[in-house]
Each structure stands twice: as structure tokens, then as C-alpha cells.
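Pasted below: my_file11.txt, compact mmCIF, C-alpha atoms.
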# COMPACT_ATOMS: atom_id res chain seq x y z
CA MET A 1 0.00 0.00 0.00
CA PRO A 2 1.46 3.41 -0.94
CA THR A 3 1.70 6.11 1.72
CA THR A 4 0.89 9.08 -0.55
CA GLN A 5 -1.52 9.74 -3.39
CA LYS A 6 -2.51 12.50 -5.79
CA GLU A 7 -5.66 14.63 -5.67
CA ILE A 8 -7.00 17.19 -8.13
CA HIS A 9 -8.03 20.48 -6.54
CA LEU A 10 -9.86 23.49 -7.91
CA ALA A 11 -7.15 26.14 -8.23
CA ASN A 12 -9.28 29.04 -9.56
CA ARG A 13 -12.90 29.86 -10.26
CA PRO A 14 -12.97 29.81 -14.08
CA LYS A 15 -13.99 32.82 -16.13
CA GLY A 16 -15.62 31.49 -19.27
CA MET A 17 -14.27 28.19 -20.55
CA PRO A 18 -12.16 26.43 -17.88
CA THR A 19 -8.53 25.65 -18.68
CA ASN A 20 -5.97 23.30 -17.21
CA ASP A 21 -4.68 26.20 -15.11
CA ASP A 22 -7.91 26.01 -13.08
CA PHE A 23 -6.87 22.61 -11.72
CA GLU A 24 -3.94 21.65 -9.53
CA PHE A 25 -2.47 18.24 -8.72
CA VAL A 26 -1.60 17.92 -5.04
CA GLN A 27 0.36 15.14 -3.34
CA GLN A 28 -1.30 14.06 -0.08
CA ASP A 29 -0.64 11.49 2.61
CA ILE A 30 -3.06 8.57 2.59
CA PRO A 31 -4.96 8.97 5.88
CA SER A 32 -5.39 6.26 8.47
CA LEU A 33 -8.86 4.90 9.08
CA GLU A 34 -11.23 5.47 11.96
CA GLU A 35 -14.10 3.24 13.03
CA ASN A 36 -16.81 2.73 10.34
CA GLN A 37 -14.57 4.09 7.60
CA VAL A 38 -13.08 2.49 4.50
CA LEU A 39 -10.13 3.37 2.30
CA LEU A 40 -11.11 3.35 -1.36
CA ARG A 41 -8.85 2.89 -4.34
CA THR A 42 -10.44 4.80 -7.21
CA LEU A 43 -11.17 2.81 -10.38
CA TYR A 44 -13.36 5.20 -12.43
CA LEU A 45 -14.36 8.84 -12.16
CA SER A 46 -17.37 10.44 -13.79
CA VAL A 47 -17.01 13.87 -15.39
CA ASP A 48 -20.32 15.70 -15.84
CA PRO A 49 -21.49 19.11 -17.11
CA TYR A 50 -23.12 20.08 -13.79
CA MET A 51 -19.62 20.25 -12.27
CA ARG A 52 -19.01 23.47 -14.19
CA GLY A 53 -21.70 25.20 -12.15
CA ARG A 54 -20.12 24.02 -8.90
CA MET A 55 -16.91 25.81 -9.86
CA GLN A 56 -18.71 29.13 -9.42
CA ASP A 57 -19.27 30.64 -5.97
CA THR A 58 -22.98 31.14 -6.52
CA LYS A 59 -26.13 29.92 -4.82
CA SER A 60 -27.47 26.73 -6.37
CA TYR A 61 -29.09 23.42 -5.49
CA ILE A 62 -25.68 22.10 -4.42
CA ALA A 63 -22.77 23.78 -2.66
CA PRO A 64 -19.89 25.08 -4.82
CA PHE A 65 -16.52 23.36 -4.85
CA GLN A 66 -14.07 24.90 -2.41
CA LEU A 67 -10.89 26.44 -3.75
CA HIS A 68 -7.75 24.40 -3.09
CA LYS A 69 -9.83 21.39 -2.06
CA ALA A 70 -10.40 18.19 -4.00
CA ILE A 71 -13.16 18.22 -6.62
CA VAL A 72 -15.89 15.67 -5.88
CA GLY A 73 -18.10 13.68 -8.25
CA GLY A 74 -19.49 10.27 -9.02
CA GLY A 75 -16.99 7.44 -8.85
CA ILE A 76 -16.44 3.70 -8.63
CA ALA A 77 -13.81 2.32 -6.33
CA GLU A 78 -12.43 -0.81 -4.73
CA VAL A 79 -12.18 -1.20 -0.97
CA ALA A 80 -8.46 -1.31 -0.17
CA GLU A 81 -8.81 -1.34 3.62
CA SER A 82 -11.83 -1.48 5.90
CA ARG A 83 -12.77 -0.70 9.47
CA SER A 84 -16.43 -1.31 8.72
CA ASP A 85 -18.63 -4.33 9.24
CA LYS A 86 -20.43 -3.48 5.98
CA PHE A 87 -17.49 -3.69 3.59
CA LYS A 88 -14.45 -5.88 3.12
CA GLN A 89 -11.29 -5.58 1.06
CA GLY A 90 -12.07 -6.13 -2.62
CA ASP A 91 -15.68 -4.93 -2.53
CA ILE A 92 -16.61 -2.71 -5.48
CA VAL A 93 -18.55 0.39 -4.45
CA THR A 94 -19.95 3.61 -5.86
CA GLY A 95 -20.60 7.01 -4.35
CA SER A 96 -19.60 10.65 -4.44
CA LEU A 97 -15.81 10.49 -4.41
CA LYS A 98 -12.91 12.90 -4.51
CA TRP A 99 -10.91 13.31 -7.68
CA ALA A 100 -8.18 11.35 -5.97
CA GLU A 101 -6.33 8.08 -6.32
CA TYR A 102 -7.46 7.05 -2.81
CA SER A 103 -10.26 8.28 -0.54
CA ARG A 104 -11.10 7.77 3.11
CA ILE A 105 -14.86 7.77 3.48
CA SER A 106 -17.66 6.85 5.88
CA ASP A 107 -19.36 3.54 5.20
CA GLN A 108 -22.67 5.46 5.13
CA LYS A 109 -21.70 7.35 1.97
CA ILE A 110 -21.09 4.47 -0.43
CA ARG A 111 -23.00 1.45 -1.64
CA LYS A 112 -21.81 -1.91 -2.85
CA ILE A 113 -22.37 -2.92 -6.47
CA ASP A 114 -22.40 -6.40 -7.98
CA PRO A 115 -19.78 -6.72 -10.73
CA ALA A 116 -21.48 -9.90 -11.96
CA ALA A 117 -24.81 -8.19 -12.68
CA ALA A 118 -23.54 -5.63 -15.21
CA PRO A 119 -20.25 -3.95 -16.11
CA ILE A 120 -19.28 -1.76 -13.16
CA THR A 121 -19.10 1.37 -15.31
CA THR A 122 -22.86 1.20 -15.94
CA HIS A 123 -23.36 2.38 -12.36
CA LEU A 124 -21.95 5.76 -13.39
CA GLY A 125 -23.98 5.81 -16.61
CA ILE A 126 -27.11 4.04 -17.71
CA LEU A 127 -27.78 2.41 -14.31
CA GLY A 128 -26.52 5.42 -12.35
CA MET A 129 -27.25 9.12 -12.10
CA THR A 130 -27.36 9.77 -15.85
CA GLY A 131 -29.77 6.93 -16.54
CA LEU A 132 -31.96 7.97 -13.62
CA THR A 133 -31.89 11.58 -14.79
CA ALA A 134 -33.23 10.49 -18.17
CA TYR A 135 -35.79 8.15 -16.64
CA PHE A 136 -37.38 10.52 -14.15
CA GLY A 137 -37.08 13.70 -16.21
CA LEU A 138 -38.75 12.17 -19.25
CA LEU A 139 -41.42 10.11 -17.54
CA ASP A 140 -42.39 12.46 -14.70
CA ILE A 141 -42.20 15.79 -16.54
CA GLY A 142 -42.31 14.88 -20.24
CA LYS A 143 -44.94 12.13 -19.91
CA PRO A 144 -44.61 10.94 -23.54
CA GLN A 145 -47.64 9.24 -25.02
CA THR A 146 -47.89 6.72 -27.84
CA GLY A 147 -47.74 8.53 -31.18
CA GLU A 148 -46.39 11.80 -29.80
CA THR A 149 -43.17 13.40 -31.01
CA VAL A 150 -40.25 13.68 -28.60
CA VAL A 151 -37.21 15.83 -29.45
CA VAL A 152 -33.96 15.41 -27.53
CA SER A 153 -31.05 17.84 -27.66
CA GLY A 154 -27.59 16.62 -26.69
CA ALA A 155 -29.00 13.31 -27.86
CA ALA A 156 -25.69 11.46 -28.21
CA GLY A 157 -24.67 12.29 -24.65
CA ALA A 158 -25.04 10.16 -21.55
CA VAL A 159 -28.51 11.44 -20.63
CA GLY A 160 -29.90 12.22 -24.06
CA SER A 161 -29.12 8.82 -25.52
CA VAL A 162 -31.13 7.13 -22.76
CA VAL A 163 -34.00 9.62 -23.03
CA GLY A 164 -34.54 8.80 -26.69
CA GLN A 165 -34.56 5.06 -26.09
CA ILE A 166 -37.06 5.31 -23.24
CA ALA A 167 -39.28 7.51 -25.40
CA LYS A 168 -39.21 4.77 -28.08
CA ILE A 169 -40.16 2.17 -25.44
CA LYS A 170 -43.16 4.37 -24.63
CA GLY A 171 -44.25 4.40 -28.27
CA ALA A 172 -43.21 7.94 -29.25
CA ARG A 173 -41.58 9.18 -32.44
CA VAL A 174 -38.11 10.38 -31.47
CA VAL A 175 -35.94 13.03 -33.13
CA GLY A 176 -32.44 13.53 -31.76
CA ILE A 177 -30.14 16.53 -32.16
CA ALA A 178 -26.36 16.10 -31.99
CA GLY A 179 -23.18 17.77 -33.21
CA SER A 180 -21.79 15.55 -35.98
CA ASP A 181 -22.87 13.24 -38.77
CA GLU A 182 -21.17 10.36 -36.95
CA LYS A 183 -23.32 10.98 -33.89
CA THR A 184 -26.55 11.30 -35.84
CA ALA A 185 -25.77 8.02 -37.61
CA PHE A 186 -25.16 6.39 -34.23
CA LEU A 187 -28.52 7.63 -32.94
CA LYS A 188 -30.44 6.22 -35.89
CA ASP A 189 -28.49 3.08 -36.68
CA GLU A 190 -27.58 1.93 -33.16
CA LEU A 191 -30.18 3.41 -30.83
CA GLY A 192 -33.21 3.37 -33.10
CA PHE A 193 -34.09 7.08 -33.16
CA ASP A 194 -36.57 7.85 -35.95
CA GLU A 195 -34.58 10.88 -37.09
CA ALA A 196 -31.38 12.62 -36.04
CA LEU A 197 -30.08 16.04 -37.06
CA ASN A 198 -26.70 17.74 -36.97
CA TYR A 199 -27.18 21.21 -35.44
CA LYS A 200 -23.84 22.41 -36.85
CA LYS A 201 -25.13 22.29 -40.43
CA ASP A 202 -26.19 25.55 -42.04
CA THR A 203 -29.48 23.92 -42.97
CA PHE A 204 -30.32 22.89 -39.39
CA ALA A 205 -33.38 25.11 -38.96
CA ALA A 206 -34.92 23.89 -42.22
CA ASP A 207 -33.94 20.28 -41.49
CA LEU A 208 -35.61 20.51 -38.09
CA ALA A 209 -38.85 21.89 -39.50
CA ASN A 210 -38.88 19.17 -42.18
CA ALA A 211 -38.30 16.46 -39.57
CA LEU A 212 -41.17 17.71 -37.39
CA PRO A 213 -44.23 18.11 -39.62
CA ASP A 214 -46.50 17.40 -36.64
CA GLY A 215 -44.62 19.68 -34.23
CA VAL A 216 -43.09 18.86 -30.86
CA ASP A 217 -45.00 17.36 -27.95
CA VAL A 218 -42.06 16.76 -25.61
CA TYR A 219 -38.70 18.52 -25.74
CA PHE A 220 -36.00 17.14 -23.44
CA ASP A 221 -33.53 20.01 -23.31
CA ASN A 222 -29.90 19.35 -22.46
CA VAL A 223 -28.29 22.29 -24.23
CA GLY A 224 -30.30 25.53 -24.31
CA GLY A 225 -29.13 28.31 -26.62
CA PRO A 226 -29.82 28.60 -30.37
CA VAL A 227 -30.75 24.91 -30.73
CA THR A 228 -33.51 25.32 -28.18
CA ASP A 229 -34.66 28.55 -29.84
CA GLU A 230 -35.32 26.62 -33.07
CA VAL A 231 -37.13 23.76 -31.31
CA PHE A 232 -39.36 26.19 -29.42
CA LYS A 233 -40.66 27.58 -32.68
CA LEU A 234 -42.20 24.16 -33.34
CA LEU A 235 -43.83 23.45 -29.97
CA ASN A 236 -47.35 22.11 -29.98
CA THR A 237 -50.05 23.34 -27.63
CA ASN A 238 -49.53 21.84 -24.16
CA ALA A 239 -46.02 20.68 -24.96
CA ARG A 240 -43.89 19.56 -22.01
CA ILE A 241 -40.24 20.51 -21.61
CA PRO A 242 -38.04 18.74 -19.06
CA LEU A 243 -35.22 21.23 -18.57
CA CYS A 244 -32.18 19.12 -17.74
CA GLY A 245 -29.24 21.26 -18.81
CA ALA A 246 -27.96 24.22 -20.77
CA ILE A 247 -24.41 23.23 -21.67
CA SER A 248 -24.28 25.78 -24.49
CA SER A 249 -24.20 28.61 -21.94
CA TYR A 250 -22.26 27.12 -19.03
CA ASN A 251 -19.05 28.91 -20.02
CA LYS A 252 -20.59 32.21 -21.13
CA GLU A 253 -19.97 35.25 -18.95
CA GLU A 254 -22.61 37.58 -20.38
CA ASP A 255 -26.22 37.70 -19.19
CA LEU A 256 -28.21 35.91 -21.88
CA GLY A 257 -31.54 37.29 -20.65
CA PRO A 258 -34.99 35.80 -21.24
CA ARG A 259 -35.49 34.24 -24.66
CA LEU A 260 -38.18 31.56 -24.35
CA GLN A 261 -41.13 33.13 -22.60
CA SER A 262 -43.04 34.23 -25.70
CA TYR A 263 -43.03 30.71 -27.14
CA MET A 264 -44.25 29.24 -23.87
CA ILE A 265 -47.06 31.74 -23.57
CA LYS A 266 -48.24 31.13 -27.14
CA THR A 267 -48.30 27.35 -26.73
CA SER A 268 -49.31 26.98 -23.05
CA ALA A 269 -46.23 24.81 -22.73
CA LEU A 270 -44.93 23.43 -19.46
CA MET A 271 -41.21 23.75 -18.77
CA LYS A 272 -39.88 22.42 -15.50
CA GLY A 273 -36.31 22.39 -14.34
CA PHE A 274 -35.16 19.45 -12.26
CA THR A 275 -32.20 17.62 -10.80
CA VAL A 276 -32.05 13.88 -10.31
CA GLY A 277 -31.81 14.46 -6.57
CA ASN A 278 -35.49 15.42 -6.60
CA TYR A 279 -36.28 11.75 -7.12
CA ALA A 280 -33.90 10.22 -4.56
CA ALA A 281 -36.73 8.37 -2.80
CA ASP A 282 -37.49 6.49 -6.02
CA PHE A 283 -33.94 5.65 -7.13
CA GLU A 284 -34.32 1.96 -6.33
CA SER A 285 -37.43 1.49 -8.46
CA GLY A 286 -35.95 3.52 -11.31
CA SER A 287 -32.72 1.53 -11.26
CA LYS A 288 -34.64 -1.75 -11.32
CA GLN A 289 -36.65 -0.67 -14.36
CA LEU A 290 -33.55 0.54 -16.21
CA ALA A 291 -31.74 -2.72 -15.42
CA ALA A 292 -34.72 -4.74 -16.66
CA TRP A 293 -34.85 -2.84 -19.95
CA LEU A 294 -31.09 -3.27 -20.33
CA GLN A 295 -31.32 -7.03 -19.75
CA GLU A 296 -34.23 -7.27 -22.19
CA GLY A 297 -32.18 -5.58 -24.88
CA LYS A 298 -34.48 -2.53 -25.00
CA LEU A 299 -31.71 -0.19 -23.91
CA LYS A 300 -28.19 0.17 -25.25
CA TYR A 301 -25.41 2.36 -23.95
CA GLU A 302 -22.16 3.83 -25.18
CA GLU A 303 -19.16 4.95 -23.15
CA THR A 304 -16.17 7.14 -23.91
CA ILE A 305 -13.37 6.18 -21.52
CA VAL A 306 -10.26 8.29 -21.04
CA GLU A 307 -7.31 6.41 -19.56
CA GLY A 308 -5.27 7.82 -16.70
CA PHE A 309 -5.93 9.90 -13.59
CA GLU A 310 -3.65 12.64 -14.92
CA ASN A 311 -6.05 13.14 -17.83
CA THR A 312 -9.11 13.87 -15.67
CA PRO A 313 -9.07 17.66 -16.25
CA ASP A 314 -8.71 17.15 -20.00
CA ALA A 315 -11.63 14.72 -19.98
CA PHE A 316 -13.76 17.28 -18.17
CA LEU A 317 -12.86 19.97 -20.71
CA ASP A 318 -13.76 17.58 -23.53
CA LEU A 319 -17.39 17.70 -22.33
CA PHE A 320 -17.65 21.21 -23.74
CA LYS A 321 -16.05 20.27 -27.05
CA GLY A 322 -18.66 17.61 -27.80
CA THR A 323 -16.10 14.90 -28.52
CA ASN A 324 -17.68 12.13 -26.44
CA VAL A 325 -20.44 9.71 -27.35
CA GLY A 326 -22.48 8.44 -24.42
CA LYS A 327 -21.10 8.55 -20.90
CA LEU A 328 -17.65 10.11 -20.44
CA LEU A 329 -15.52 8.39 -17.81
CA VAL A 330 -11.93 8.43 -16.62
CA LYS A 331 -10.32 5.08 -15.90
CA VAL A 332 -7.97 5.57 -12.97
CA ALA A 333 -6.91 1.99 -12.13
CA GLU A 334 -7.65 -1.70 -12.48
CA PRO A 335 -8.99 -3.57 -9.46
CA GLU A 336 -6.27 -5.22 -7.38
CA TYR A 337 -8.22 -7.21 -4.83
CA ALA A 338 -11.56 -8.02 -6.44
CA LYS A 339 -12.08 -11.00 -8.72
CA LEU A 340 -14.02 -9.52 -11.65

Would you mind writing the file's structure down as C-alpha cells?
Amino acid sequence: MPTTQKEIHLANRPKGMPTNDDFEFVQQDIPSLEENQVLLRTLYLSVDPYMRGRMQDTKSYIAPFQLHKAIVGGGIAEVAESRSDKFKQGDIVTGSLKWAEYSRISDQKIRKIDPAAAPITTHLGILGMTGLTAYFGLLDIGKPQTGETVVVSGAAGAVGSVVGQIAKIKGARVVGIAGSDEKTAFLKDELGFDEALNYKKDTFAADLANALPDGVDVYFDNVGGPVTDEVFKLLNTNARIPLCGAISSYNKEEDLGPRLQSYMIKTSALMKGFTVGNYAADFESGSKQLAAWLQEGKLKYEETIVEGFENTPDAFLDLFKGTNVGKLLVKVAEPEYAKL
């Protein structure tokens, strides 16, 4: 067992697009354990768009990251040492973990996962927070009905790709919006979307109108900005809009101001912002349904995995370049004690 390990701290609060200078690698001693604690060896880290908001010192639904402290996010780890009756060396667990090679954590803040049931990375993606975000946001707010049209922006991402597939399970016609021809082909050919459009094409507005002759009943919005402006022009009366994210504006410093109200008034649309934490009491039932659909072959998933702890900041920055397909993860290490 090593005596020191590396952590990644937030060095500055970014102005606009973050850079590598906003992160710092810090060498730390590996702490000794107290009663009911475990020492975790990190295997995978999740990088997610919401983390950009936590880099700002502003009021939100979750506290901001502290400067010169380790960044925290979803992770999968192996128990390296334990002073808990609940976990033993070699157990694979998931929870909110530091961007660190090792973490000391209370046994109340992690849960064991079964590596035999599904690949362990799925617990950060389709069977984890991103899958649950898609599940609850679409079904509780969007409420798609058979024969309706569902549009998904950021459709090739971790959340959007699951949203579209669940909408198909519910009998809707699904149109996805993504940022490359490769991604739109993936949505149609691999995930079964009815149509998929590249928003970077000059003809996007016309392509969108042509793809939606019957308008939009549900719009699952992951991006905001000009893409959303075009979709809003096509909303049907009583459309529902689960507002999941606005990645197009996360790194903008100017005040964008109101831009959607007139469309909502004209169409009596419902737009509701949400976070997956709103549905914490129902996580178990949601996870079971997602797992069942996955086992039945009704859901597929894609992962983009970046190798190496040292590449975690670069992986996070890649989120805003649109290079990933599906869930973006960082592989930190292979298990040492578990038999997978």
C-alpha cells in the first residue's frame, strides 16, 4: 500500500471556458482509518457538465466546490482497507468520491455494487445518475404518449441517448439533435431514433422543420441556446419541456436574458427544471426498471473512456467540445483485490 496519493483540486474559479490552469495536482498522505470508515482505491471517475456550475461561488441546489480542495463527483472504487462491518477488502462500491487516487470515506456514503450483474461502469452511466436523470425527467415531466413526437437535444450524450430510447419504449416518435454526422448516424443506426439532425449544419433550422411536420409534444432540453430557440418555434399546444441542462451557456460570462417566454405563452407549454436528486426516494425502483430494460435488450449504452488519472481535467474539458459519445468516464486503475 502506498503512503501518498494525488488529488485534483480546484485552483481558480474559471472565467468562461475552464482551462488546465484552473486545476492543480496535489500530493497528499493517505490517511489512516477510523471506526466505520473504508479506504477506497479509485477505479473510475465520472465527469459531468453540472460540475461546471459548482466551480462558481454562486447559490445553487448544491454547494460550490471549495478552492484548493479536491473536486468531488461520481466514482467507482475498490475497498483497499476497511474498518467497517459493511465492507471488506475487494468490494466494489460507488458514491460521491474525490478526484483522488485514494479516498477515506464513511461507510454510510457508499453502496456496494455487484460486478457480476452488469459492467461496473454502468453504475456511473445508464444504471446510475445519468440513466436515472433520463428516466425521471422524461417520464415524470415529459410524460410521452404513444404517437407523440419527442425531441432530444444533446441526444448522443449520456442522458440524451437514454431519453430517446425510453421515449421509443413508450411508443413515441423520437428526433435527436447532436453535433456531428457520426453521432446522428449512431442515434439512428444503433439506438433506433426515428430521425437525427446535426445542429452544426447551415441547414439545421430547415432540417428541423422538415423532420417535425407534426410539431413537438415533448422537448428534453440538455443544451439551451440557439438549438432550443429553433425547437421552441415548433412546440405544440400543451407541450412539455423537461429542462435538464444548458451546456451551451455554461461557459458564457454575459447575461443571456430571457429568450423563451413568448413561445411558452403562445403554446401553453410546461417547462420544468429538475435535478435527479429530486427523485432520490425512487432511485431503487428507477434503477430496477432501467436494469430490466437493459437485460431485455431494450436499452443500449455507449461509453467514452479516457485512460489515466492525470487526464481527468482534459476529460472534463472535452465535455464542452462535444467529442464524447455516451457517458464520459476516466479510468484511474484496475482492481487489485476483487475477482471480476

Can you check which parts of stretch 172-275 of chain A lie within 9 Å of stretch 115-135 of chain A? Per residue, the shortest pair of atoms and distance in Å to one decimal, counting only C-alpha atoms, sorted by chain and number, as JSON lines.
{"residue": "A:Phe220", "atom": "CA", "partner": "A:Ala134", "partner_atom": "CA", "distance": 8.9}
{"residue": "A:Cys244", "atom": "CA", "partner": "A:Thr133", "partner_atom": "CA", "distance": 8.1}
{"residue": "A:Phe274", "atom": "CA", "partner": "A:Thr133", "partner_atom": "CA", "distance": 8.9}
{"residue": "A:Thr275", "atom": "CA", "partner": "A:Thr133", "partner_atom": "CA", "distance": 7.2}

- Between atom CA of A:Gly273 and atom CA of A:Tyr219, distance in Å (one decimal): 12.3 Å

- Message: Let me make sure I understand: among A:Gly179, A:Gly16, A:Gly142, A:Pro226, which one has the smallest atom-to-atom distance to A:Leu270 if we use all atoms listed in the file?
- Response: A:Gly142

Closest atom pairs, stretch 89-154 of chain A residues within 12 Å of stretch 311-315 of chain A, only C-alpha atoms, as JSON lines:
{"residue": "A:Lys98", "atom": "CA", "partner": "A:Thr312", "partner_atom": "CA", "distance": 11.8}
{"residue": "A:Trp99", "atom": "CA", "partner": "A:Thr312", "partner_atom": "CA", "distance": 8.2}
{"residue": "A:Ala100", "atom": "CA", "partner": "A:Thr312", "partner_atom": "CA", "distance": 10.1}
{"residue": "A:Glu101", "atom": "CA", "partner": "A:Thr312", "partner_atom": "CA", "distance": 11.3}

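Closest to A:Ser103 among A:Gly157, A:Gly225, A:Gly297, A:Pro31 is A:Pro31, based on all atoms listed in the file.
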
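Distances from A:Ser106, A:Asn36, A:Gln5, A:Ser46 to A:Val330 were compared using all atoms listed in the file, and the smallest one belongs to A:Ser46.
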
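Among the candidates A:His68, A:Ser96, A:Ser32, A:Ile62, the residue lying nearest to A:Ser82 is A:Ser32 (atoms considered: all atoms listed in the file).
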